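File shown: run_27.txt. Contents: compact mmCIF, C-alpha atoms.
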# COMPACT_ATOMS: atom_id res chain seq x y z
CA MET A 8 0.00 0.00 0.00
CA LYS A 9 2.94 2.32 0.63
CA LYS A 10 4.04 1.99 -3.02
CA LEU A 11 0.55 2.88 -4.21
CA GLY A 12 0.34 5.81 -1.80
CA ASN A 13 3.66 7.16 -3.06
CA LEU A 14 2.50 6.77 -6.66
CA ILE A 15 -0.71 8.69 -6.02
CA GLU A 16 1.13 11.50 -4.26
CA ASN A 17 3.66 11.73 -7.11
CA LEU A 18 0.83 11.92 -9.64
CA LYS A 19 -0.93 14.63 -7.69
CA ARG A 20 2.30 16.65 -7.56
CA SER A 21 2.56 16.21 -11.33
CA GLY A 22 -0.82 17.87 -11.76
CA ILE A 23 -2.96 14.77 -12.39
CA GLN A 24 -6.53 15.43 -11.27
CA PHE A 25 -7.94 12.90 -8.80
CA THR A 26 -11.46 12.56 -7.47
CA LYS A 27 -11.96 10.99 -4.06
CA GLN A 28 -13.80 8.09 -5.74
CA ILE A 29 -10.93 7.32 -8.13
CA GLU A 30 -8.36 7.36 -5.34
CA GLU A 31 -10.51 5.10 -3.15
CA ALA A 32 -11.03 2.65 -6.02
CA MET A 33 -7.26 2.45 -6.67
CA HIS A 34 -6.75 1.51 -3.03
CA LYS A 35 -9.34 -1.26 -3.35
CA VAL A 36 -8.03 -2.81 -6.57
CA ASP A 37 -4.63 -4.49 -6.91
CA VAL A 38 -3.23 -4.17 -10.43
CA GLU A 39 -1.25 -7.37 -9.87
CA ASP A 40 -4.54 -9.31 -9.89
CA PHE A 41 -4.92 -8.48 -13.59
CA THR A 42 -1.59 -9.61 -15.00
CA ASP A 43 0.72 -12.58 -14.68
CA TYR A 44 3.72 -10.41 -15.60
CA ASP A 45 5.91 -8.16 -13.50
CA ALA A 46 3.81 -5.20 -12.31
CA SER A 47 6.50 -3.33 -10.36
CA GLY A 48 6.78 -0.62 -13.03
CA PHE A 49 3.18 0.39 -12.39
CA TYR A 50 4.23 2.06 -9.14
CA PHE A 51 6.70 4.19 -11.13
CA ASP A 52 3.84 5.32 -13.40
CA ARG A 53 4.62 2.87 -16.17
CA PRO A 54 2.37 0.57 -18.21
CA VAL A 55 2.16 -3.12 -17.34
CA VAL A 56 2.00 -5.98 -19.86
CA PHE A 57 -0.98 -8.26 -19.29
CA LEU A 58 -0.89 -10.42 -22.42
CA LYS A 59 1.63 -11.50 -25.06
CA SER A 60 1.00 -13.48 -28.21
CA SER A 61 3.26 -16.10 -29.76
CA ILE A 62 3.87 -13.86 -32.80
CA GLY A 63 4.92 -10.75 -30.90
CA GLY A 64 1.61 -9.07 -30.09
CA LEU A 65 1.55 -7.15 -26.83
CA LYS A 66 -1.26 -5.67 -24.72
CA ASN A 67 -0.74 -3.35 -21.77
CA ILE A 68 -2.54 -1.97 -18.78
CA SER A 69 -1.95 1.76 -19.26
CA ALA A 70 0.32 3.84 -17.06
CA PRO A 71 -1.50 5.07 -13.91
CA HIS A 72 -1.52 8.73 -14.89
CA MET A 73 -3.43 7.91 -18.07
CA ILE A 74 -5.85 5.59 -16.31
CA VAL A 75 -6.68 8.36 -13.83
CA THR A 76 -7.01 10.91 -16.65
CA LEU A 77 -9.42 8.67 -18.57
CA LEU A 78 -11.55 7.97 -15.50
CA HIS A 79 -11.62 11.64 -14.50
CA ASN A 80 -12.89 12.67 -17.94
CA LEU A 81 -15.61 10.00 -17.86
CA GLU A 82 -17.36 11.95 -15.08
CA LEU A 83 -18.34 8.76 -13.27
CA ASP A 84 -21.15 8.59 -10.75
CA ASN A 85 -23.03 5.99 -8.75
CA GLY A 86 -25.47 3.80 -10.71
CA GLN A 87 -24.24 4.61 -14.23
CA GLN A 88 -23.95 2.15 -17.11
CA ILE A 89 -20.49 2.35 -18.67
CA VAL A 90 -19.28 0.74 -21.90
CA VAL A 91 -15.54 0.07 -22.22
CA TYR A 92 -14.20 -0.74 -25.70
CA GLY A 93 -10.75 -2.31 -25.27
CA ALA A 94 -10.16 -4.39 -22.17
CA LYS A 95 -6.82 -3.15 -20.75
CA GLY A 96 -6.51 -6.36 -18.75
CA GLY A 97 -9.75 -5.73 -16.87
CA TYR A 98 -8.09 -3.29 -14.46
CA ILE A 99 -9.92 -0.19 -15.70
CA ALA A 100 -13.26 -2.03 -15.67
CA SER A 101 -12.69 -3.06 -12.06
CA LEU A 102 -11.95 0.53 -11.02
CA ILE A 103 -15.08 1.75 -12.77
CA ALA A 104 -17.16 -0.98 -11.10
CA HIS A 105 -16.04 0.21 -7.67
CA ILE A 106 -16.78 3.85 -8.50
CA ILE A 107 -20.29 3.36 -9.94
CA GLY A 108 -21.27 0.87 -7.23
CA GLU A 109 -23.61 -2.10 -7.11
CA ASP A 110 -26.40 -0.24 -8.93
CA GLY A 111 -24.13 0.46 -11.91
CA LYS A 112 -23.02 -1.79 -14.75
CA VAL A 113 -19.83 -2.09 -16.82
CA THR A 114 -19.95 -3.75 -20.24
CA VAL A 115 -16.55 -4.51 -21.77
CA PHE A 116 -16.04 -5.25 -25.47
CA ASP A 117 -12.80 -6.32 -27.14
CA PRO A 118 -12.08 -7.68 -30.65
CA SER A 119 -9.85 -10.47 -29.32
CA GLN A 120 -11.24 -13.70 -27.90
CA GLU A 121 -7.88 -14.24 -26.22
CA VAL A 122 -8.19 -10.92 -24.39
CA ILE A 123 -11.82 -11.64 -23.42
CA ALA A 124 -10.83 -15.02 -22.00
CA HIS A 125 -8.12 -13.32 -19.93
CA ILE A 126 -10.32 -10.60 -18.46
CA SER A 127 -13.30 -12.89 -17.90
CA GLU A 128 -11.09 -14.95 -15.61
CA LYS A 129 -9.62 -11.90 -13.86
CA LEU A 130 -13.05 -10.27 -13.33
CA ARG A 131 -14.86 -13.31 -11.95
CA GLY A 132 -15.38 -11.53 -8.63
CA TYR A 133 -17.14 -8.55 -10.26
CA PRO A 134 -20.85 -9.37 -10.78
CA THR A 135 -21.60 -5.93 -12.28
CA VAL A 136 -19.05 -6.38 -15.12
CA GLU A 137 -19.89 -8.28 -18.31
CA CYS A 138 -17.29 -9.10 -21.00
CA TYR A 139 -17.97 -9.78 -24.68
CA GLN A 140 -15.99 -10.21 -27.86
CA THR A 141 -17.02 -7.55 -30.38
CA ASN A 142 -18.25 -10.29 -32.76
CA ASP A 143 -20.88 -11.26 -30.15
CA MET A 144 -22.52 -7.82 -30.29
CA LYS A 145 -25.43 -8.97 -32.47
CA GLN A 146 -26.34 -11.59 -29.88
CA ILE A 147 -26.73 -9.18 -26.96
CA THR A 148 -28.71 -6.09 -26.09
CA LEU A 149 -26.44 -3.09 -25.81
CA PRO A 150 -26.81 -0.97 -22.68
CA LYS A 151 -27.68 2.66 -23.16
CA LEU A 152 -24.56 4.49 -24.33
CA SER A 153 -24.31 7.43 -21.95
CA ARG A 154 -20.63 6.92 -21.11
CA VAL A 155 -18.20 5.13 -23.44
CA LEU A 156 -14.46 4.69 -22.90
CA VAL A 157 -12.25 3.58 -25.79
CA THR A 158 -8.84 2.41 -24.55
CA GLY A 159 -6.92 1.86 -27.79
CA GLN A 160 -6.05 3.64 -31.03
CA LEU A 161 -8.79 3.92 -33.65
CA GLU A 162 -8.97 5.99 -36.84
CA SER A 163 -12.58 6.91 -35.99
CA LEU A 164 -15.40 5.77 -33.76
CA PRO A 165 -17.18 2.67 -35.10
CA GLY A 166 -20.79 3.19 -36.10
CA TRP A 167 -22.24 1.18 -33.24
CA LEU A 168 -20.64 3.69 -30.84
CA SER A 169 -21.24 6.98 -32.64
CA ASP A 170 -24.81 6.05 -33.68
CA GLY A 171 -25.61 4.46 -30.33
CA LEU A 172 -24.71 7.40 -28.09
CA GLU A 173 -27.80 8.75 -26.36
CA GLU A 174 -28.61 12.45 -26.22
CA GLY A 175 -26.13 14.08 -23.82
CA GLY A 176 -23.95 10.97 -23.82
CA PHE A 177 -20.29 11.02 -24.75
CA ALA A 178 -17.29 8.86 -25.61
CA ILE A 179 -13.68 9.36 -24.56
CA ALA A 180 -11.44 7.99 -27.31
CA PRO A 181 -7.88 8.28 -28.75
CA LEU A 182 -8.51 8.86 -32.46
CA GLY A 183 -5.84 9.12 -35.14
CA GLY A 184 -3.03 7.19 -36.81
CA ARG A 185 -0.68 4.62 -35.34
CA SER A 186 2.04 7.13 -34.47
CA SER A 187 -0.13 9.67 -32.63
CA GLN A 188 -3.73 10.46 -31.76
CA ARG A 189 -5.84 13.13 -30.11
CA LEU A 190 -7.72 12.15 -26.99
CA LEU A 191 -11.23 13.38 -27.73
CA LYS A 192 -14.44 13.77 -25.78
CA ILE A 193 -17.17 13.20 -28.38
CA GLU A 194 -20.60 14.28 -27.12
CA LYS A 195 -24.02 14.01 -28.76
CA GLN A 196 -26.14 17.15 -28.50
CA ASP A 197 -29.30 17.70 -30.53
CA SER A 198 -28.37 14.71 -32.69
CA GLU A 199 -25.02 16.31 -33.58
CA MET A 200 -21.54 15.24 -32.44
CA PHE A 201 -19.31 17.79 -30.73
CA GLU A 202 -15.61 17.18 -30.03
CA THR A 203 -13.51 18.47 -27.16
CA ASP A 204 -9.76 17.96 -27.60
CA LEU A 205 -8.18 16.63 -24.40
CA GLY A 206 -4.62 16.50 -25.73
CA SER A 207 -2.10 14.55 -27.77
CA VAL A 208 -1.59 10.88 -26.90
CA VAL A 209 0.04 7.74 -28.29
CA PHE A 210 -2.01 4.58 -27.66
CA GLY A 211 -1.36 1.15 -29.08
CA PRO A 212 -3.95 -0.39 -31.46
CA LEU A 213 -7.18 -1.47 -29.83
CA ASP A 214 -7.12 -4.84 -31.61
CA PHE A 215 -4.60 -7.33 -30.17
CA ALA A 216 -3.96 -8.69 -33.68
CA GLU A 217 -2.69 -5.28 -34.81
CA THR A 218 -0.09 -4.92 -32.05
CA VAL A 219 2.52 -6.95 -33.94
CA ILE A 220 4.87 -4.19 -35.06
CA ASP A 221 6.11 -4.18 -38.67
CA SER A 222 9.20 -2.30 -39.75
CA PRO A 223 8.22 1.25 -40.76
CA SER A 224 8.74 2.67 -44.23
CA PRO A 225 11.16 5.63 -44.57
CA SER A 226 8.28 8.13 -44.48
CA GLU A 227 6.74 6.41 -41.45
CA MET A 228 10.12 6.43 -39.70
CA ALA A 229 10.49 10.15 -40.50
CA GLU A 230 7.04 10.87 -39.07
CA MET A 231 7.75 8.91 -35.90
CA ILE A 232 11.09 10.64 -35.35
CA GLU A 233 9.35 14.01 -35.78
CA GLN A 234 6.87 13.00 -33.09
CA VAL A 235 9.73 11.98 -30.81
CA ILE A 236 11.53 15.29 -31.40
CA GLU A 237 8.41 17.15 -30.25
CA LEU A 238 8.01 14.92 -27.20
CA MET A 239 11.67 15.21 -26.19
CA SER A 240 11.56 18.98 -26.72
CA ASP A 241 8.48 19.30 -24.50
CA THR A 242 10.17 17.36 -21.72
CA GLY A 243 13.54 19.08 -22.11
CA ILE A 244 15.54 15.91 -22.67
CA ILE A 245 17.14 16.79 -26.00
CA LYS A 246 19.81 19.35 -26.81
CA ASP A 247 19.28 21.87 -29.61
CA ASN A 248 22.25 20.45 -31.52
CA ASP A 249 20.82 16.90 -31.42
CA LYS A 250 17.39 18.19 -32.36
CA SER A 251 18.82 19.92 -35.44
CA LYS A 252 20.62 16.71 -36.47
CA LEU A 253 17.43 14.68 -36.08
CA TYR A 254 15.52 17.09 -38.30
CA ASP A 255 18.27 16.66 -40.91
CA LEU A 256 17.79 12.88 -40.62
CA VAL A 257 14.04 13.31 -41.12
CA ALA A 258 14.71 15.26 -44.32
CA ASP A 259 17.08 12.53 -45.58
CA LEU A 260 14.54 9.79 -44.77
CA ARG A 261 11.90 11.58 -46.83
CA GLN A 262 14.26 11.44 -49.83
CA LEU A 263 14.27 7.63 -49.80
CA PRO A 264 11.73 5.67 -51.91
CA ASP A 265 8.74 4.76 -49.77
CA ASP A 266 8.21 1.42 -51.50
CA LEU A 267 11.46 -0.12 -50.26
CA PRO A 268 11.07 -3.68 -48.93
CA PRO A 269 11.32 -3.93 -45.14
CA PRO A 270 14.82 -4.67 -43.78
CA GLU A 271 13.80 -8.14 -42.58
CA ASP A 272 13.01 -9.17 -46.18
CA LEU A 273 16.65 -8.70 -47.23
CA ASP A 274 19.30 -11.41 -46.92
CA ASN A 275 21.47 -8.83 -45.19
CA PRO A 276 19.26 -6.26 -43.37
CA SER A 277 22.29 -4.04 -42.72
CA GLU A 278 22.35 -3.24 -46.45
CA HIS A 279 18.91 -1.63 -46.29
CA PRO A 280 19.20 2.06 -47.33
CA MET A 281 17.24 3.28 -44.31
CA LEU A 282 19.46 1.41 -41.87
CA GLN A 283 22.61 2.52 -43.71
CA LEU A 284 21.46 6.12 -43.48
CA MET A 285 21.07 5.85 -39.72
CA VAL A 286 24.43 4.15 -39.28
CA GLU A 287 26.08 6.93 -41.30
CA LYS A 288 24.93 9.43 -38.68
CA GLY A 289 27.52 8.00 -36.34
CA GLU A 290 27.85 7.90 -32.58
CA TRP A 291 25.49 10.79 -31.84
CA PHE A 292 22.58 8.87 -33.36
CA ILE A 293 23.56 5.57 -31.73
CA HIS A 294 23.57 7.44 -28.41
CA LEU A 295 20.03 8.74 -28.99
CA TRP A 296 18.55 5.62 -30.60
CA PRO A 297 17.56 3.73 -27.41
CA MET A 298 15.56 6.75 -26.26
CA ILE A 299 13.98 7.21 -29.70
CA GLN A 300 13.12 3.53 -29.99
CA THR A 301 11.48 3.51 -26.57
CA MET A 302 9.40 6.61 -27.26
CA MET A 303 8.29 5.36 -30.67
CA GLU A 304 6.60 2.33 -29.16
CA THR A 305 2.86 2.88 -29.50
CA ARG A 306 2.01 3.17 -25.82
CA ILE A 307 1.61 5.99 -23.30
CA ALA A 308 4.42 7.39 -21.17
CA SER A 309 4.48 8.83 -17.74
CA TYR A 310 3.99 12.41 -16.65
CA ASP A 311 6.06 11.69 -13.58
CA SER A 312 9.42 10.18 -12.71
CA PRO A 313 9.95 9.24 -9.07
CA GLU A 314 13.05 10.65 -7.44
CA GLU A 315 14.46 7.19 -6.79
CA GLN A 316 14.18 6.20 -10.44
CA SER A 317 17.40 6.25 -12.46
CA LYS A 318 17.84 9.29 -14.69
CA ASN A 319 18.97 6.89 -17.41
CA ASP A 320 15.60 5.12 -17.47
CA THR A 321 13.16 5.91 -20.25
CA HIS A 322 9.45 5.32 -20.49
CA SER A 323 7.86 2.74 -22.77
CA ASP A 324 4.64 4.75 -23.16
CA PHE A 325 4.32 8.44 -23.95
CA ILE A 326 1.92 11.35 -23.69
CA PRO A 327 3.11 14.98 -23.86

Written as structure tokens, how would this file's structure read?
Amino acid sequence: MKKLGNLIENLKRSGIQFTKQIEEAMHKVDVEDFTDYDASGFYFDRPVVFLKSSIGGLKNISAPHMIVTLLHNLELDNGQQIVVYGAKGGYIASLIAHIIGEDGKVTVFDPSQEVIAHISEKLRGYPTVECYQTNDMKQITLPKLSRVLVTGQLESLPGWLSDGLEEGGFAIAPLGGRSSQRLLKIEKQDSEMFETDLGSVVFGPLDFAETVIDSPSPSEMAEMIEQVIELMSDTGIIKDNDKSKLYDLVADLRQLPDDLPPPEDLDNPSEHPMLQLMVEKGEWFIHLWPMIQTMMETRIASYDSPEEQSKNDTHSDFIP
């Protein structure tokens, strides 16, 4: 409990908004009950893996600061019916269940049967939470959509969500491409949809099957490095000289053909023009690459770094 208390205090000092109900729910729910992997990073405001596939897919429970931010923007209250699209290991659903109480209901949908099997087991002690694979939607009666939380990257809201929102209802969702999204509050008023921008975020794909990461094309790599430059600039962890060099690299990457085969398709991946270009940049780029690689992973990073954490550590999720 001391680790959780320290985490909450660090988040508050970082400016994360807590309600009394969210804080109480976090004290009632143990994140380690929702994963079979090491959860120690959670107490340093890091995401926690809850499921891995045999072909490299990865699903996380989000970093605590983002979980709290999502719950805060949902405006939760006792007795509500909440729909969660994207399971996040079941941890978020359990927090919501505690906040809305026994008169409320949480309905969780996820595209992956593997994910649904995982969370159904982890949420067996939560009678107010129901879990369904998205394909089962035609076989059930949807609850009224007054509050919807989407926990993974989507290009746009699916029709069953946007059309199903009741008057005055809203969805919180990270919408955009794989490299970055905007966290939006999408509210239905007088049959029209109104968006409130809650900030820039980087979530992984909602569908487990899409979390297997392919090698990016030169233009995709350039776009991701540009995103990283902005993030590192905002957090003050890059020097102006290195930033200028990275922008030069971005320009060079955009000069490469975008239809190059991925490096792994070559007999000798080191001969790939994109990799050769990066190697040519020398030691300064090799020094920065671990940080860039970490930040480019499509997850959310921490607002806060505890004092006892090494200054050499980097986050595996990122939000500005």

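Take the candidates A:Gln120, A:Thr135, A:Asn67, A:Gln196 and check each one against His105 in chain A using only C-alpha atoms; the shortest distance goes to A:Thr135.
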
Non-local contacts of range 84-96 of chain A (6 Å; only C-alpha atoms; under 2 positions in same chain excluded) as a ChimeraX atom specification: /A:41,57,68,98,107-108,110-117,126,154-158,213

Neighbour list for range 24-38 of chain A as a VMD selection string, cut-off 8 Å, only C-alpha atoms, skip fewer than 6 positions in-chain: chain A and resid 8 11 15 46 75 to 76 78 to 79 98 101 to 103 105 to 106

Nearest candidate to Asp52 in chain A (options A:Glu227, A:Glu128, A:Glu199, A:Glu16; using all atoms listed in the file):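 Nearest candidate to Asp52 in chain A out of A:Glu227, A:Glu128, A:Glu199, A:Glu16: A:Glu16.
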
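Take the candidates A:Glu233, A:Asp204, A:Asp43, A:Asp214 and check each one against Asp255 in chain A using only C-alpha atoms; the shortest distance goes to A:Glu233.
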
Atomic distance CA of Gly243 in chain A - CA of Pro212 in chain A, expressed in Å with one decimal: 27.8 Å

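Residues within 7 Å of Ser69 in chain A, counting all atoms listed in the file and excluding same-chain residues fewer than 3 positions away, are Pro54, Val55, Met73, Ile74 and Ile307 of chain A.
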
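Minimum atom-to-atom distances from A:Ile179, A:Ala100, A:Leu152, A:Leu191 to Trp167 in chain A were compared using all atoms listed in the file, and the lowest value belongs to A:Leu152.
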
Gap from CA of Leu14 in chain A to CA of Ala70 in chain A - Å, one decimal: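 Interatomic distance here is 11.0 Å.
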
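Closest to Pro225 in chain A among A:Gln262, A:Thr141, A:Gln188, A:Ser47 is A:Gln262, based on all atoms listed in the file.
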